[in-house]
>>> print(open('upload07.cif').read())   # mmCIF, C-alpha atoms and all ligand atoms
data_query
#
loop_
_atom_site.label_atom_id
_atom_site.label_comp_id
_atom_site.auth_asym_id
_atom_site.auth_seq_id
_atom_site.Cartn_x
_atom_site.Cartn_y
_atom_site.Cartn_z
CA MET A 159 0.00 0.00 0.00
CA ASP A 160 1.30 3.51 -0.87
CA LYS A 161 2.43 5.57 2.12
CA LYS A 162 1.16 9.15 2.44
CA PRO A 163 3.76 11.92 2.52
CA ILE A 164 4.34 12.77 6.19
CA ARG A 165 3.78 16.48 5.76
CA GLN A 166 0.21 16.03 4.67
CA GLN A 167 -2.43 15.60 7.35
CA PRO A 168 -5.77 14.87 5.74
CA VAL A 169 -8.91 16.02 7.55
CA ALA A 170 -9.79 12.41 8.35
CA GLU A 171 -6.51 11.95 10.27
CA ALA A 172 -7.02 15.16 12.26
CA ALA A 173 -10.57 14.06 13.09
CA GLU A 174 -9.23 10.68 14.16
CA GLU A 175 -6.90 12.44 16.62
CA VAL A 176 -9.79 14.44 18.12
CA VAL A 177 -11.90 11.30 18.52
CA ARG A 178 -8.98 9.50 20.11
CA ALA A 179 -8.37 12.34 22.60
CA VAL A 180 -12.06 12.54 23.57
CA LYS A 181 -12.21 8.75 24.04
CA GLU A 182 -9.19 9.00 26.31
CA ILE A 183 -10.90 11.70 28.40
CA LEU A 184 -14.03 9.58 28.72
CA ARG A 185 -12.01 6.54 29.70
CA ARG A 186 -10.16 8.47 32.40
CA GLN A 187 -13.38 10.03 33.66
CA ALA A 188 -14.95 6.59 33.88
CA GLU A 189 -11.96 5.31 35.84
CA LEU A 190 -12.17 8.24 38.25
CA GLY A 191 -15.92 7.82 38.61
CA ALA A 192 -16.42 11.48 37.72
CA ALA A 193 -19.50 12.76 35.92
CA GLY A 194 -19.05 14.76 32.74
CA ILE A 195 -15.88 16.24 31.32
CA GLY A 196 -14.04 18.79 33.44
CA ARG A 197 -12.78 22.06 31.96
CA GLU A 198 -9.23 21.15 32.87
CA GLU A 199 -9.49 17.87 30.96
CA LEU A 200 -10.97 19.64 27.95
CA GLU A 201 -8.19 22.21 27.99
CA ARG A 202 -5.62 19.44 28.22
CA ALA A 203 -7.24 17.66 25.26
CA ARG A 204 -7.29 20.89 23.28
CA ARG A 205 -3.57 21.39 23.88
CA ARG A 206 -2.96 17.77 22.99
CA VAL A 207 -4.85 17.90 19.71
CA ALA A 208 -4.55 21.49 18.47
CA PRO A 209 -0.89 21.57 17.51
CA ARG A 210 -1.18 18.25 15.69
CA ALA A 211 -4.27 19.28 13.72
CA GLY A 212 -2.29 22.05 12.03
CA ALA A 213 1.01 22.03 10.23
CA ARG A 214 2.78 19.40 12.35
CA PRO A 215 3.13 15.97 10.79
CA ASN A 216 1.09 13.09 12.13
CA PRO A 217 3.29 11.69 14.95
CA ALA A 218 2.58 8.03 14.17
CA GLU A 219 3.48 8.54 10.52
CA ALA A 220 6.49 10.69 11.42
CA LEU A 221 7.81 7.95 13.74
CA ARG A 222 7.43 5.41 10.97
CA GLN A 223 9.43 7.72 8.72
CA ILE A 224 12.23 8.03 11.31
CA HIS A 225 12.30 4.24 11.58
CA LEU A 226 12.52 3.99 7.79
CA ASP A 227 15.30 6.58 7.69
CA MET A 228 17.20 4.55 10.28
CA GLY A 229 16.99 1.46 8.08
CA ASP A 230 19.60 -1.18 8.84
CA CYS A 231 21.68 1.49 10.57
CA ARG A 232 25.47 1.15 10.59
CA ARG A 233 26.28 4.69 11.63
CA CYS A 234 28.27 3.52 14.66
CA PRO A 235 30.14 0.36 15.75
CA LEU A 236 27.23 -0.85 17.90
CA HIS A 237 25.54 -2.30 14.81
CA ARG A 238 28.11 -5.13 14.79
CA GLY A 239 26.85 -6.82 17.95
CA ARG A 240 23.13 -6.25 17.74
CA THR A 241 20.38 -8.66 16.80
CA ASN A 242 17.63 -6.06 16.44
CA ILE A 243 17.45 -2.29 16.43
CA VAL A 244 15.33 -1.25 19.40
CA PHE A 245 13.58 1.79 18.02
CA GLY A 246 11.00 2.64 20.68
CA ASP A 247 7.62 1.56 21.94
CA GLY A 248 4.36 3.19 22.93
CA ASP A 249 1.87 5.89 22.07
CA PRO A 250 3.05 8.36 19.41
CA TYR A 251 0.70 10.86 21.10
CA ALA A 252 2.07 10.19 24.60
CA ARG A 253 2.15 12.98 27.16
CA LEU A 254 5.09 11.30 28.88
CA MET A 255 8.29 9.78 27.50
CA PHE A 256 10.79 7.57 29.30
CA VAL A 257 14.33 7.54 27.93
CA GLY A 258 16.81 4.87 28.97
CA GLU A 259 20.39 4.26 28.02
CA GLY A 260 20.34 1.41 25.50
CA PRO A 261 19.00 -2.09 24.89
CA GLY A 262 20.07 -5.05 27.02
CA ALA A 263 20.04 -8.70 26.02
CA ASP A 264 16.25 -9.19 26.25
CA GLU A 265 15.55 -5.97 24.39
CA ASP A 266 18.08 -6.85 21.70
CA ALA A 267 16.46 -10.26 21.24
CA GLN A 268 12.92 -8.90 21.02
CA GLY A 269 13.52 -5.48 19.44
CA VAL A 270 11.44 -3.83 22.18
CA PRO A 271 12.75 -1.53 24.94
CA PHE A 272 12.51 -2.45 28.62
CA VAL A 273 11.23 -6.02 28.43
CA GLY A 274 13.61 -7.76 30.86
CA ARG A 275 13.73 -7.50 34.66
CA ALA A 276 14.39 -3.77 34.48
CA GLY A 277 11.47 -3.54 32.09
CA GLN A 278 9.23 -5.21 34.65
CA LYS A 279 10.33 -2.61 37.20
CA LEU A 280 9.51 0.16 34.75
CA ASN A 281 6.12 -1.42 34.07
CA ASP A 282 5.46 -1.41 37.83
CA ILE A 283 6.38 2.28 38.03
CA ILE A 284 4.02 3.11 35.15
CA GLU A 285 1.14 0.81 36.01
CA LYS A 286 1.19 0.35 39.80
CA GLY A 287 2.72 3.73 40.61
CA MET A 288 1.33 6.11 38.03
CA LYS A 289 -1.84 4.10 37.33
CA LEU A 290 -1.23 4.41 33.59
CA LYS A 291 -0.94 1.74 30.95
CA ARG A 292 2.46 1.15 29.41
CA SER A 293 0.79 1.69 26.03
CA GLU A 294 -0.10 5.26 27.07
CA VAL A 295 3.52 6.41 27.39
CA TYR A 296 6.42 6.24 24.94
CA ILE A 297 9.67 4.46 25.80
CA ALA A 298 12.95 4.86 23.94
CA ASN A 299 16.69 4.73 24.52
CA VAL A 300 19.62 7.02 23.81
CA VAL A 301 21.23 4.34 21.59
CA LYS A 302 19.14 1.89 19.62
CA SER A 303 21.63 -0.98 19.30
CA ARG A 304 22.87 -3.06 22.24
CA PRO A 305 26.33 -2.18 23.56
CA PRO A 306 28.38 -5.38 23.91
CA GLY A 307 28.31 -6.90 27.37
CA ASN A 308 25.91 -4.16 28.46
CA ARG A 309 28.75 -1.66 28.70
CA ASP A 310 27.97 2.06 28.66
CA PRO A 311 27.61 3.51 25.17
CA GLN A 312 30.61 5.61 24.17
CA PRO A 313 30.35 9.33 23.38
CA ASP A 314 30.81 8.78 19.62
CA GLU A 315 28.07 6.12 19.63
CA ILE A 316 25.74 8.43 21.52
CA ALA A 317 26.52 11.27 19.12
CA ALA A 318 25.76 9.03 16.12
CA CYS A 319 22.42 7.84 17.49
CA LEU A 320 21.11 10.92 19.32
CA PRO A 321 19.62 12.56 16.20
CA PHE A 322 17.09 9.71 16.05
CA LEU A 323 16.01 10.25 19.66
CA ASP A 324 15.86 13.98 19.00
CA ARG A 325 13.48 13.40 16.12
CA GLN A 326 11.35 11.03 18.23
CA ILE A 327 11.07 13.65 20.96
CA GLU A 328 10.30 16.34 18.43
CA VAL A 329 7.39 14.49 16.83
CA ILE A 330 5.94 13.08 20.05
CA HIS A 331 6.46 16.39 21.82
CA PRO A 332 5.62 15.01 25.28
CA GLU A 333 4.70 17.25 28.19
CA ALA A 334 7.49 15.67 30.25
CA ILE A 335 10.43 13.31 29.83
CA VAL A 336 11.85 10.96 32.46
CA ALA A 337 15.54 10.19 31.95
CA LEU A 338 16.37 6.77 33.39
CA GLY A 339 19.88 6.45 34.76
CA THR A 340 23.19 8.25 34.41
CA ILE A 341 23.74 8.00 30.64
CA ALA A 342 20.27 9.24 29.68
CA ALA A 343 20.32 11.94 32.36
CA GLN A 344 23.78 13.23 31.41
CA THR A 345 23.02 13.08 27.68
CA LEU A 346 19.75 14.98 27.96
CA THR A 347 20.85 17.52 30.58
CA GLY A 348 24.30 18.03 29.10
CA LEU A 349 25.70 17.84 32.64
CA ASP A 350 28.46 15.59 33.95
CA ALA A 351 27.05 15.13 37.44
CA PRO A 352 26.15 11.64 38.71
CA ILE A 353 22.52 10.57 38.66
CA GLY A 354 22.33 10.96 42.43
CA LYS A 355 22.88 14.70 41.97
CA LEU A 356 20.77 15.13 38.83
CA ARG A 357 17.66 13.27 40.01
CA GLY A 358 14.77 14.79 41.88
CA LYS A 359 15.06 18.19 40.18
CA TRP A 360 13.47 19.50 37.02
CA HIS A 361 15.73 20.15 34.06
CA GLU A 362 14.78 20.87 30.45
CA TYR A 363 15.47 19.21 27.14
CA LYS A 364 14.68 21.44 24.17
CA GLY A 365 12.10 23.26 26.28
CA ILE A 366 10.45 20.07 27.59
CA PRO A 367 10.51 19.45 31.37
CA LEU A 368 12.94 16.64 32.13
CA MET A 369 13.11 14.62 35.34
CA PRO A 370 16.12 12.33 35.81
CA THR A 371 15.75 9.36 38.11
CA TYR A 372 17.53 6.09 38.83
CA HIS A 373 17.49 3.43 36.12
CA PRO A 374 15.12 0.53 36.91
CA SER A 375 18.08 -1.88 36.61
CA TYR A 376 19.60 -0.08 39.61
CA LEU A 377 16.46 -0.94 41.60
CA VAL A 378 16.81 -4.55 40.42
CA ARG A 379 20.42 -4.61 41.65
CA LEU A 380 19.38 -3.19 45.02
CA GLN A 381 16.83 -5.92 45.64
CA GLY A 382 17.49 -7.62 48.94
CA SER A 383 20.04 -5.01 50.00
CA ARG A 384 19.79 -2.44 52.77
CA GLN A 385 19.60 0.35 50.16
CA GLU A 386 16.57 -1.12 48.41
CA GLU A 387 13.98 0.87 50.32
CA ALA A 388 15.87 4.17 49.90
CA GLY A 389 16.27 3.57 46.16
CA ARG A 390 12.58 2.80 45.69
CA ARG A 391 11.60 5.82 47.76
CA ALA A 392 13.84 8.14 45.71
CA VAL A 393 12.36 6.93 42.41
CA TRP A 394 8.84 7.23 43.74
CA GLU A 395 9.50 10.81 44.88
CA ASP A 396 10.77 11.70 41.40
CA ILE A 397 7.82 10.02 39.72
CA GLN A 398 5.37 11.83 41.99
CA GLN A 399 6.82 15.13 40.77
CA VAL A 400 6.21 13.97 37.20
CA MET A 401 2.62 13.00 38.05
CA GLU A 402 2.04 16.45 39.55
CA LYS A 403 3.46 18.08 36.44
CA LEU A 404 1.03 16.05 34.28
CA GLY A 405 -1.92 16.69 36.59
CA LEU A 406 -2.26 13.00 37.48
CA PRO A 407 -3.68 12.12 40.90
CA VAL A 408 -0.82 11.38 43.29
CA GLY A 409 -1.79 8.76 45.82
CA SER A 410 -0.22 5.80 47.53
CA LYS A 411 1.89 3.58 45.28
CA THR A 412 0.29 0.32 46.32
S1 LIG B 1 23.32 2.67 18.01
FE1 LIG B 1 22.15 4.04 16.71
S2 LIG B 1 23.66 4.99 15.34
FE2 LIG B 1 24.62 3.17 16.22
S3 LIG B 1 24.20 1.53 14.73
FE3 LIG B 1 22.56 1.46 16.27
S4 LIG B 1 20.91 2.69 15.42
FE4 LIG B 1 22.77 3.22 14.29
#
>>> encode(input="upload07.cif", output="structure tokens")
Amino acid sequence: MDKKPIRQQPVAEAAEEVVRAVKEILRRQAELGAAGIGREELERARRRVAPRAGARPNPAEALRQIHLDMGDCRRCPLHRGRTNIVFGDGDPYARLMFVGEGPGADEDAQGVPFVGRAGQKLNDIIEKGMKLKRSEVYIANVVKSRPPGNRDPQPDEIAACLPFLDRQIEVIHPEAIVALGTIAAQTLTGLDAPIGKLRGKWHEYKGIPLMPTYHPSYLVRLQGSRQEEAGRRAVWEDIQQVMEKLGLPVGSKT
């Protein structure tokens, strides 16, 4: 089937976005047990839909185009050891993006970000903590090919891959980004500080509020240790700030 040029947004696609946003409002209202649609929700939906109904390309189509442009990418040495490019996963219209460092073994095998033990932790944060569905957010990594032996990606590898993440962020245009772990936090803040110093405070990436927090794999490593509770508490505090920023109800995690 012929693909439509990404710069065109036919009326039917814009209408589809409006219907989708209204359905989302109704679903959330039903979950909250509230009657009718609140003004705040309508305003949020307007902001969510309005920019995309104009000149901006359709985010789903634009993401597909980025993926196509990436092709069988060999722009950096990481292509040699990968099984699959791990492009990203989630809602192209997401209000919230999570950005990790790079794929691990499970992600490399499946071509999907955050599907191993760390992925389960992230799912818990999204679903049990934030009361969202994983499919409502967008998840990506700084580098899209697995670094060998799960080593940190090198600066030249990050530099080669970052334009793809930049384009993903640009088309999704989330209301907030959560940077998971040192590499993502340092890359997106441009600061050298360790994650322990960067987390818990709002930064910005290209004008979008950015909250760094510990990588879920760090929480996995802490399991059973005396630091486990402190690590979980720190992440939950950071996530609560994100929920407040998005206007999500902040309650107890469990
Ligand atoms: S990490 Fe990024 S730039 Fe490097 S080969 Fe993979 S997709 Fe290409």
>>> closest_atom_pairs(input="upload07.cif", of="chain A", to="ligand LIG 1 (chain B)", cutoff="6 Å", atoms="only C-alpha atoms and all ligand atoms", output="JSON lines")
{"residue": "A:Cys231", "atom": "CA", "partner": "B:LIG1", "partner_atom": "FE4", "distance": 4.2}
{"residue": "A:Arg232", "atom": "CA", "partner": "B:LIG1", "partner_atom": "S3", "distance": 4.3}
{"residue": "A:Arg233", "atom": "CA", "partner": "B:LIG1", "partner_atom": "S2", "distance": 4.6}
{"residue": "A:Cys234", "atom": "CA", "partner": "B:LIG1", "partner_atom": "FE2", "distance": 4.0}
{"residue": "A:Leu236", "atom": "CA", "partner": "B:LIG1", "partner_atom": "S3", "distance": 5.0}
{"residue": "A:His237", "atom": "CA", "partner": "B:LIG1", "partner_atom": "S3", "distance": 4.1}
{"residue": "A:Val301", "atom": "CA", "partner": "B:LIG1", "partner_atom": "S1", "distance": 4.5}
{"residue": "A:Lys302", "atom": "CA", "partner": "B:LIG1", "partner_atom": "S1", "distance": 4.5}
{"residue": "A:Ser303", "atom": "CA", "partner": "B:LIG1", "partner_atom": "FE3", "distance": 4.0}
{"residue": "A:Glu315", "atom": "CA", "partner": "B:LIG1", "partner_atom": "FE2", "distance": 5.7}
{"residue": "A:Ala318", "atom": "CA", "partner": "B:LIG1", "partner_atom": "S2", "distance": 4.6}
{"residue": "A:Cys319", "atom": "CA", "partner": "B:LIG1", "partner_atom": "S2", "distance": 3.8}
>>> residues_around(input="upload07.cif", residues="stretch 329-337 of chain A", least_positions_apart="6", cutoff="6 Å", atoms="all atoms listed in the file", output="list in words")
Pro217, Pro250, Tyr251, Arg253, Leu254, Met255, Phe256, Val257, Ala343, Ile366, Pro367, Leu368, Met369 and Pro370 of chain A
>>> closest_residue(input="upload07.cif", among="A:Asn281, A:Asn216, A:Gln344, A:Thr371", to="A:Gln398", atoms="only C-alpha atoms")
A:Thr371
>>> residues_near_point(input="upload07.cif", point="(7.1, 11.4, 43.1)", cutoff="12 Å", atoms="all atoms listed in the file", output="ChimeraX atom specification")
/A:283-284,287-288,336,357-360,369-371,390-404,406-411
>>> atom_distance(input="upload07.cif", atom1="atom CA of A:Val295", atom2="atom CA of A:Ala317")
24.9 Å
>>> atom_distance(input="upload07.cif", atom1="atom CA of A:Gly274", atom2="atom CA of A:Leu323")
21.3 Å
>>> residues_around(input="upload07.cif", residues="stretch 258-268 of chain A", least_positions_apart="6", cutoff="10 Å", atoms="all atoms listed in the file", output="PDB file with C-alpha atoms, in the coordinates of the input")
ATOM      1  CA  GLY A 239      26.850  -6.820  17.950  1.00  0.00           C
ATOM      2  CA  ARG A 240      23.130  -6.250  17.740  1.00  0.00           C
ATOM      3  CA  THR A 241      20.380  -8.660  16.800  1.00  0.00           C
ATOM      4  CA  ASN A 242      17.630  -6.060  16.440  1.00  0.00           C
ATOM      5  CA  ILE A 243      17.450  -2.290  16.430  1.00  0.00           C
ATOM      6  CA  VAL A 244      15.330  -1.250  19.400  1.00  0.00           C
ATOM      7  CA  PHE A 245      13.580   1.790  18.020  1.00  0.00           C
ATOM      8  CA  GLY A 274      13.610  -7.760  30.860  1.00  0.00           C
ATOM      9  CA  ARG A 275      13.730  -7.500  34.660  1.00  0.00           C
ATOM     10  CA  ALA A 276      14.390  -3.770  34.480  1.00  0.00           C
ATOM     11  CA  GLY A 277      11.470  -3.540  32.090  1.00  0.00           C
ATOM     12  CA  ILE A 297       9.670   4.460  25.800  1.00  0.00           C
ATOM     13  CA  ALA A 298      12.950   4.860  23.940  1.00  0.00           C
ATOM     14  CA  ASN A 299      16.690   4.730  24.520  1.00  0.00           C
ATOM     15  CA  VAL A 300      19.620   7.020  23.810  1.00  0.00           C
ATOM     16  CA  VAL A 301      21.230   4.340  21.590  1.00  0.00           C
ATOM     17  CA  LYS A 302      19.140   1.890  19.620  1.00  0.00           C
ATOM     18  CA  SER A 303      21.630  -0.980  19.300  1.00  0.00           C
ATOM     19  CA  ARG A 304      22.870  -3.060  22.240  1.00  0.00           C
ATOM     20  CA  PRO A 305      26.330  -2.180  23.560  1.00  0.00           C
ATOM     21  CA  PRO A 306      28.380  -5.380  23.910  1.00  0.00           C
ATOM     22  CA  GLY A 307      28.310  -6.900  27.370  1.00  0.00           C
ATOM     23  CA  ASN A 308      25.910  -4.160  28.460  1.00  0.00           C
ATOM     24  CA  ARG A 309      28.750  -1.660  28.700  1.00  0.00           C
ATOM     25  CA  ASP A 310      27.970   2.060  28.660  1.00  0.00           C
ATOM     26  CA  PRO A 311      27.610   3.510  25.170  1.00  0.00           C
ATOM     27  CA  ILE A 316      25.740   8.430  21.520  1.00  0.00           C
ATOM     28  CA  VAL A 336      11.850  10.960  32.460  1.00  0.00           C
ATOM     29  CA  ALA A 337      15.540  10.190  31.950  1.00  0.00           C
ATOM     30  CA  LEU A 338      16.370   6.770  33.390  1.00  0.00           C
ATOM     31  CA  GLY A 339      19.880   6.450  34.760  1.00  0.00           C
ATOM     32  CA  THR A 340      23.190   8.250  34.410  1.00  0.00           C
ATOM     33  CA  ILE A 341      23.740   8.000  30.640  1.00  0.00           C
ATOM     34  CA  ALA A 342      20.270   9.240  29.680  1.00  0.00           C
ATOM     35  CA  ALA A 343      20.320  11.940  32.360  1.00  0.00           C
ATOM     36  CA  THR A 345      23.020  13.080  27.680  1.00  0.00           C
ATOM     37  CA  TYR A 372      17.530   6.090  38.830  1.00  0.00           C
ATOM     38  CA  HIS A 373      17.490   3.430  36.120  1.00  0.00           C
ATOM     39  CA  PRO A 374      15.120   0.530  36.910  1.00  0.00           C
TER      40      PRO A 374
END
